[in-house]
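Only one structure is covered here, and it is reproduced in the block below.
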There are 2 protein chains.
Amino acid sequence: MVFPKLKESLPLYKTLANALAQRIHNGDWAVGSNLPSEAALCSSFEASRHTLRHALQTLESDGLVLRRQGTPTAGDFSAEGEKIYPKF
Amino acid sequence: MVFPKLKESLPLYKTLANALAQRIHNGDWAVGSNLPSEAALCSSFEASRHTLRHALQTLESDGLVLRRQGTPTAGDFSAEGEKIYPKF
DNA sequence: GTGCATTTGTACGTATGTATA
DNA sequence: ATATACATACGTACAAATGCA
């Protein structure tokens, strides 16, 4: 991990999910509202793909991102409003 | 897998989820409403723990089972009614 | 209450398949 | 067709929570 944990007790995938959620809300990746690829995120955050996907999955179940095989993962800005970071 | 797939195209974890959901609704494991351990289910269905947990996770997100670290996974019969098998 | 066994959770590794552009 | 990107599925090891003797 290349960023400090909010709480030392949180598992890595939740910390990752928090960090990603924050960046999504900040609009850091709103080029075409797409996130970097899983491989790119893995290097950025120095996490395994397994853990990264675990994080993305929680974001998806929260309606924060949209994933579809073959296409980049997109931030779901239609689900904003009450979904305020942090959530974990 | 020790049972026939409903559709040959379905991924293994979904087929597993279907099979587990059916057994839950049938009450096959309603001893104390607990499911066998992951290890037991892995041997029964000849699936890896990874895949089995993937299946259980989908069931959990559907409200069909309750999982808690340290305790056996329980079928959630409070969530029955409209949740009719099959769902995948 | 301590310790052990059981059970689920987390995390990483690797390979291959499938959908999309 | 090739390349890119996400999905599936096998494996390993250790951590953490629970329950019981």
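In the structure tokens, chains take letters A, B, ... by order of appearance, with residues numbered from 1 within each chain and ligands from 1 in the order shown.
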Practice task
Could you please select, counting only C-alpha atoms (C1' of nucleotides), the residues of chain A within 10 Å of chain C and state them as a ChimeraX atom specification?
Solution key: /A:11-13,47-51,68-72
Write the residues of the selection above to a file with all heavy atoms, as an mmCIF file, in the first residue's frame.
data_model
loop_
_atom_site.group_PDB
_atom_site.id
_atom_site.type_symbol
_atom_site.label_atom_id
_atom_site.label_comp_id
_atom_site.auth_asym_id
_atom_site.auth_seq_id
_atom_site.Cartn_x
_atom_site.Cartn_y
_atom_site.Cartn_z
ATOM 1 N N PRO A 11 -9.008 -4.313 7.070
ATOM 2 C CA PRO A 11 -8.326 -5.178 6.100
ATOM 3 C C PRO A 11 -7.931 -4.382 4.868
ATOM 4 O O PRO A 11 -8.530 -3.353 4.547
ATOM 5 C CB PRO A 11 -9.364 -6.245 5.771
ATOM 6 C CG PRO A 11 -10.658 -5.723 6.256
ATOM 7 C CD PRO A 11 -10.368 -4.762 7.344
ATOM 8 N N LEU A 12 -6.935 -4.906 4.183
ATOM 9 C CA LEU A 12 -6.365 -4.198 3.042
ATOM 10 C C LEU A 12 -7.402 -3.893 1.973
ATOM 11 O O LEU A 12 -7.445 -2.788 1.422
ATOM 12 C CB LEU A 12 -5.224 -5.043 2.469
ATOM 13 C CG LEU A 12 -4.480 -4.471 1.263
ATOM 14 C CD1 LEU A 12 -3.992 -3.070 1.549
ATOM 15 C CD2 LEU A 12 -3.310 -5.378 0.927
ATOM 16 N N TYR A 13 -8.257 -4.850 1.697
ATOM 17 C CA TYR A 13 -9.196 -4.629 0.594
ATOM 18 C C TYR A 13 -10.189 -3.529 0.914
ATOM 19 O O TYR A 13 -10.634 -2.792 0.038
ATOM 20 C CB TYR A 13 -9.911 -5.930 0.233
ATOM 21 C CG TYR A 13 -11.050 -6.326 1.128
ATOM 22 C CD1 TYR A 13 -12.351 -5.954 0.808
ATOM 23 C CD2 TYR A 13 -10.836 -7.059 2.286
ATOM 24 C CE1 TYR A 13 -13.410 -6.323 1.617
ATOM 25 C CE2 TYR A 13 -11.874 -7.428 3.096
ATOM 26 C CZ TYR A 13 -13.161 -7.058 2.763
ATOM 27 O OH TYR A 13 -14.205 -7.428 3.582
ATOM 28 N N ALA A 47 -0.870 -3.543 -4.684
ATOM 29 C CA ALA A 47 -1.711 -4.618 -4.148
ATOM 30 C C ALA A 47 -1.837 -5.703 -5.202
ATOM 31 O O ALA A 47 -1.627 -5.461 -6.390
ATOM 32 C CB ALA A 47 -3.095 -4.088 -3.789
ATOM 33 N N SER A 48 -2.151 -6.905 -4.751
ATOM 34 C CA SER A 48 -2.353 -7.993 -5.695
ATOM 35 C C SER A 48 -3.659 -7.775 -6.452
ATOM 36 O O SER A 48 -4.545 -7.051 -6.005
ATOM 37 C CB SER A 48 -2.402 -9.328 -4.967
ATOM 38 O OG SER A 48 -3.596 -9.435 -4.231
ATOM 39 N N ARG A 49 -3.748 -8.430 -7.587
ATOM 40 C CA ARG A 49 -4.970 -8.277 -8.361
ATOM 41 C C ARG A 49 -6.156 -8.840 -7.594
ATOM 42 O O ARG A 49 -7.261 -8.307 -7.637
ATOM 43 C CB ARG A 49 -4.819 -8.999 -9.710
ATOM 44 C CG ARG A 49 -5.928 -8.621 -10.659
ATOM 45 C CD ARG A 49 -5.846 -9.329 -11.994
ATOM 46 N NE ARG A 49 -7.073 -9.090 -12.745
ATOM 47 C CZ ARG A 49 -7.586 -9.936 -13.628
ATOM 48 N NH1 ARG A 49 -6.955 -11.048 -13.890
ATOM 49 N NH2 ARG A 49 -8.716 -9.651 -14.245
ATOM 50 N N HIS A 50 -5.907 -9.926 -6.884
ATOM 51 C CA HIS A 50 -6.955 -10.541 -6.084
ATOM 52 C C HIS A 50 -7.564 -9.536 -5.112
ATOM 53 O O HIS A 50 -8.779 -9.370 -5.023
ATOM 54 C CB HIS A 50 -6.393 -11.733 -5.315
ATOM 55 C CG HIS A 50 -7.380 -12.416 -4.438
ATOM 56 N ND1 HIS A 50 -8.017 -13.581 -4.795
ATOM 57 C CD2 HIS A 50 -7.860 -12.087 -3.223
ATOM 58 C CE1 HIS A 50 -8.847 -13.927 -3.840
ATOM 59 N NE2 HIS A 50 -8.765 -13.058 -2.862
ATOM 60 N N THR A 51 -6.688 -8.866 -4.363
ATOM 61 C CA THR A 51 -7.150 -7.913 -3.359
ATOM 62 C C THR A 51 -7.818 -6.713 -4.017
ATOM 63 O O THR A 51 -8.851 -6.218 -3.541
ATOM 64 C CB THR A 51 -5.973 -7.455 -2.493
ATOM 65 O OG1 THR A 51 -5.361 -8.605 -1.897
ATOM 66 C CG2 THR A 51 -6.431 -6.514 -1.406
ATOM 67 N N ARG A 68 -17.713 -4.395 -16.467
ATOM 68 C CA ARG A 68 -18.200 -5.252 -17.553
ATOM 69 C C ARG A 68 -17.004 -5.878 -18.235
ATOM 70 O O ARG A 68 -16.034 -5.174 -18.563
ATOM 71 C CB ARG A 68 -19.026 -4.434 -18.554
ATOM 72 C CG ARG A 68 -20.234 -5.185 -19.076
ATOM 73 C CD ARG A 68 -21.197 -4.285 -19.830
ATOM 74 N NE ARG A 68 -20.869 -4.178 -21.247
ATOM 75 C CZ ARG A 68 -20.314 -3.116 -21.821
ATOM 76 N NH1 ARG A 68 -19.998 -2.062 -21.098
ATOM 77 N NH2 ARG A 68 -20.075 -3.095 -23.109
ATOM 78 N N GLN A 69 -17.078 -7.171 -18.446
ATOM 79 C CA GLN A 69 -15.954 -7.886 -19.054
ATOM 80 C C GLN A 69 -15.619 -7.297 -20.419
ATOM 81 O O GLN A 69 -16.507 -7.097 -21.238
ATOM 82 C CB GLN A 69 -16.295 -9.366 -19.196
ATOM 83 C CG GLN A 69 -15.130 -10.223 -19.645
ATOM 84 C CD GLN A 69 -15.471 -11.694 -19.616
ATOM 85 O OE1 GLN A 69 -16.610 -12.071 -19.342
ATOM 86 N NE2 GLN A 69 -14.495 -12.529 -19.899
ATOM 87 N N GLY A 70 -14.352 -7.024 -20.620
ATOM 88 C CA GLY A 70 -13.907 -6.509 -21.903
ATOM 89 C C GLY A 70 -13.786 -5.001 -21.966
ATOM 90 O O GLY A 70 -13.143 -4.468 -22.856
ATOM 91 N N THR A 71 -14.420 -4.305 -21.010
ATOM 92 C CA THR A 71 -14.359 -2.844 -21.012
ATOM 93 C C THR A 71 -13.773 -2.347 -19.696
ATOM 94 O O THR A 71 -13.849 -3.045 -18.691
ATOM 95 C CB THR A 71 -15.756 -2.241 -21.187
ATOM 96 O OG1 THR A 71 -16.472 -2.387 -19.954
ATOM 97 C CG2 THR A 71 -16.515 -2.929 -22.286
ATOM 98 N N PRO A 72 -13.199 -1.158 -19.700
ATOM 99 C CA PRO A 72 -12.657 -0.606 -18.458
ATOM 100 C C PRO A 72 -13.765 -0.387 -17.427
ATOM 101 O O PRO A 72 -14.917 -0.158 -17.784
ATOM 102 C CB PRO A 72 -12.055 0.735 -18.897
ATOM 103 C CG PRO A 72 -12.109 0.778 -20.368
ATOM 104 C CD PRO A 72 -12.968 -0.320 -20.853
#
Exercise for the section: At a cut-off of 10 Å, list the chain D residues touching chain B, using only C-alpha atoms (C1' of nucleotides), as number ranges by chain. Expected result: D: 7-11, 16-19
File of the preceding selection, N, CA and C atoms (P, O5', C5', C4', C3', O3' and C1' of nucleotides), as a tab-separated table (two decimals), in the first residue's frame:
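What ended up in again_1.tsv:
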chain	number	residue	atom	x	y	z
D	7	DA	P	-15.00	-8.30	-14.16
D	7	DA	O5'	-14.73	-9.75	-14.77
D	7	DA	C5'	-15.55	-10.21	-15.83
D	7	DA	C4'	-15.59	-11.74	-15.83
D	7	DA	C3'	-15.83	-12.40	-14.48
D	7	DA	O3'	-16.73	-13.48	-14.66
D	7	DA	C1'	-13.77	-13.15	-15.38
D	8	DT	P	-17.17	-14.38	-13.43
D	8	DT	O5'	-16.19	-15.63	-13.57
D	8	DT	C5'	-16.30	-16.45	-14.72
D	8	DT	C4'	-15.26	-17.54	-14.69
D	8	DT	C3'	-15.32	-18.47	-13.46
D	8	DT	O3'	-15.37	-19.80	-13.94
D	8	DT	C1'	-13.10	-17.74	-13.86
D	9	DA	P	-15.80	-20.98	-12.92
D	9	DA	O5'	-14.40	-21.46	-12.35
D	9	DA	C5'	-13.49	-22.08	-13.24
D	9	DA	C4'	-12.18	-22.34	-12.52
D	9	DA	C3'	-12.32	-22.80	-11.06
D	9	DA	O3'	-11.74	-24.08	-10.90
D	9	DA	C1'	-10.63	-21.18	-11.30
D	10	DC	P	-12.08	-24.94	-9.58
D	10	DC	O5'	-10.62	-25.24	-9.00
D	10	DC	C5'	-9.79	-26.16	-9.69
D	10	DC	C4'	-8.36	-25.71	-9.65
D	10	DC	C3'	-7.70	-25.70	-8.28
D	10	DC	O3'	-7.32	-26.99	-7.87
D	10	DC	C1'	-7.05	-23.80	-9.55
D	11	DG	P	-7.19	-27.24	-6.28
D	11	DG	O5'	-5.89	-26.40	-5.85
D	11	DG	C5'	-4.62	-26.75	-6.39
D	11	DG	C4'	-3.59	-25.69	-6.05
D	11	DG	C3'	-3.34	-25.47	-4.57
D	11	DG	O3'	-2.43	-26.43	-4.06
D	11	DG	C1'	-3.41	-23.39	-5.74
D	16	DA	P	-4.73	-11.06	12.96
D	16	DA	O5'	-6.24	-11.53	13.10
D	16	DA	C5'	-7.17	-11.17	12.10
D	16	DA	C4'	-8.53	-11.76	12.41
D	16	DA	C3'	-8.95	-11.63	13.89
D	16	DA	O3'	-10.33	-11.31	13.93
D	16	DA	C1'	-9.01	-13.89	13.24
D	17	DA	P	-10.95	-10.66	15.24
D	17	DA	O5'	-12.23	-11.58	15.48
D	17	DA	C5'	-13.14	-11.79	14.41
D	17	DA	C4'	-13.91	-13.09	14.63
D	17	DA	C3'	-14.52	-13.22	16.03
D	17	DA	O3'	-15.89	-13.48	15.89
D	17	DA	C1'	-13.31	-15.18	15.44
D	18	DT	P	-16.85	-13.30	17.18
D	18	DT	O5'	-17.26	-14.81	17.49
D	18	DT	C5'	-17.58	-15.66	16.40
D	18	DT	C4'	-17.43	-17.11	16.82
D	18	DT	C3'	-18.00	-17.43	18.20
D	18	DT	O3'	-19.19	-18.16	18.03
D	18	DT	C1'	-15.93	-18.56	17.75
D	19	DG	P	-20.06	-18.51	19.33
D	19	DG	O5'	-19.53	-19.97	19.71
D	19	DG	C5'	-19.26	-20.90	18.66
D	19	DG	C4'	-18.75	-22.21	19.24
D	19	DG	C3'	-19.33	-22.56	20.62
D	19	DG	O3'	-19.59	-23.95	20.68
D	19	DG	C1'	-16.96	-22.41	20.75
Practice task
With a distance threshold of 12 Å and counting only C-alpha atoms, extract the residues of chain A near chain B and express them as JSON, numbers by chain.
Solution key: {"A": [50, 54, 57, 58, 60, 61, 62]}
Exercise for the section: Apply DSSP to the structure's backbone, then extract all residues of range 33-66 of chain B labelled helix (DSSP H, G or I) and return them as a PyMOL selection string. Expected result: chain B and resi 38-45+49-61
Exercise for the section: Could you tell me how far CA of Thr73 in chain A lies from CA of Asn34 in chain A, in Å and to one decimal? Expected result: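 Pair CA of Thr73 in chain A / CA of Asn34 in chain A returns 5.9 Å.
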Exercise for the section: Would you work out the distance separating CA of Ser43 in chain B from C1' of DA13 in chain D, expressed in Å to one decimal? Expected result: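 Going from CA of Ser43 in chain B over to C1' of DA13 in chain D covers 19.9 Å.
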Problem - Option closest in space to Ser33 in chain B, from B:Leu52, B:Leu59, B:Ala17, B:Leu64 [counting only C-alpha atoms] - result: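 Closest candidate: B:Leu64.
Coordinates place CA of Leu20 in chain B at a distance of 12.9 Å from CA of Ala40 in chain B.
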